[in-house]
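**Q** Structure in structure tokens, see below.
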Amino acid sequence: MERTIQKRLPVADAGWVTVDVYGDPEAPGLVVVPGAMSDAAGWGGVASAIDAWPSVAVVNRRGRAPSGPLADGYGLETEVADLRTVLDAFAGTEALFGWSYGGLIALLAAGERPLRQVIAYEPVMRPFGLDVLPDLRAATDLADWDAVVELVHRRIAGLAPEVVASLRADRGTWQALRALAGPVYAELAALYGPPLPGELARRADRVDLIVGGTNRGTAPYGTSFDDVAERVPRAGIHVLPGQGHMAHLEAPEELGRLLSTLATPAL
């Protein structure tokens, strides 16, 4: 399906978020919440590959153009409140999907309001990234976005030096990563705010958790996935074979097909 409109929604603290809508903007469908170092545009390939819902609405969270900046006092509560606004605007949403940090946001939102289905791909929670926080803060205070991108890919994602060097050599890719680096410290630090509920997504009728096959059981994404799964004991667990954390960029059609197969039939 193709992108049809982009909506701008006012949120708290005089902020705003934009939402890219694929398919029929009047038909309830799937709402997608990207995570850190990601924006709505990066999920276009996945949204285009989904065929189980009549519409896919991809949230461009705060801190990503053309959405507004992060607010003072930012935390996970901010993200959940923003997502409530999106869900209110897309009344009748059939399913909610989140990736990584966005997966945790989706699971928290599904603990506050009834939802038919929530799906999360490799959601993260504390102690994810704890050892990198001080260096991320220092780089952010200096607005050294090259350093932030390096820290995310080397220290958190664990990419080899030559892989990061290859990313840096691609000027367009590196500039796009730098543009997404601004909110990273605040988002990672938000994991260390108020404790999470003992059970996540308790008001969702159905919960599905997805882990990439290459990350299953391994740090940092696979082990954080396991930590989250312990808080959603009734969730269905699914593996995307041969893929890692960046499946939305490396295998968007494959991820889109998996999401479509997980769709709860319409009432």
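Each chain of the structure tokens is named A, B, ... in the order shown, its residues numbered from 1; ligands are numbered from 1 in display order.
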From a DSSP pass on the backbone, collect the residues of stretch 14-92 of chain A flagged as strand (DSSP E) and hand them back as a list in words.
**A**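 Here is the list: Gly15, Trp16, Val17, Thr18, Val19, Asp20, Val21, Tyr22, Gly23, Leu30, Val31, Val32, Val33, Ser55, Val56, Ala57, Val58, Val59 and Asn60 of chain A.
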**Q** Just the residues within 7 Å of stretch 105-122 of chain A, please, counting only C-alpha atoms, with nothing from its chain fewer than 5 positions along; format it as a ChimeraX atom specification.
**A** /A:76,79-80,94-100,200-211,221,225
**Q** List as JSON lines every residue of stretch 227-250 of chain A that is in contact with stretch 19-38 of chain A, defined as an atom at most 12 Å from one of its atoms (using only C-alpha atoms), together with the nearest atom pair and the distance in Å rounded to one decimal, sorted by chain and then rising number.
**A**
{"residue": "A:His245", "atom": "CA", "partner": "A:Gly35", "partner_atom": "CA", "distance": 10.9}
{"residue": "A:Met246", "atom": "CA", "partner": "A:Ser38", "partner_atom": "CA", "distance": 10.0}
{"residue": "A:His248", "atom": "CA", "partner": "A:Pro34", "partner_atom": "CA", "distance": 9.8}
{"residue": "A:Leu249", "atom": "CA", "partner": "A:Ser38", "partner_atom": "CA", "distance": 10.1}
**Q** With N, CA, C and O atoms retained, could you export that selection as a CSV table (one decimal), in the first residue's frame?
**A**
chain,number,residue,atom,x,y,z
A,245,HIS,N,18.1,-6.8,14.7
A,245,HIS,CA,17.4,-5.7,15.3
A,245,HIS,C,16.9,-4.8,14.1
A,245,HIS,O,15.9,-4.1,14.3
A,246,MET,N,17.6,-4.7,13.0
A,246,MET,CA,17.3,-3.8,12.0
A,246,MET,C,16.5,-4.4,10.8
A,246,MET,O,16.6,-4.0,9.7
A,248,HIS,N,13.6,-4.0,9.9
A,248,HIS,CA,12.7,-3.1,9.2
A,248,HIS,C,13.4,-2.4,8.0
A,248,HIS,O,12.8,-1.9,7.0
A,249,LEU,N,14.8,-2.3,8.1
A,249,LEU,CA,15.6,-1.8,7.0
A,249,LEU,C,16.2,-2.9,6.1
A,249,LEU,O,16.4,-2.7,4.9
**Q** As an exercise, work out the distance from atom CA of A:Leu136 to atom CA of A:Val148 in Å and give it to one decimal place.
**A**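 So the two atoms, atom CA of A:Leu136 and atom CA of A:Val148, lie 6.1 Å apart.
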**Q** Which residue gives the smallest distance to A:Leu258 among A:Gly129, A:Gly172, A:Pro197, A:Gly212, with only C-alpha atoms counted?
**A** A:Gly212
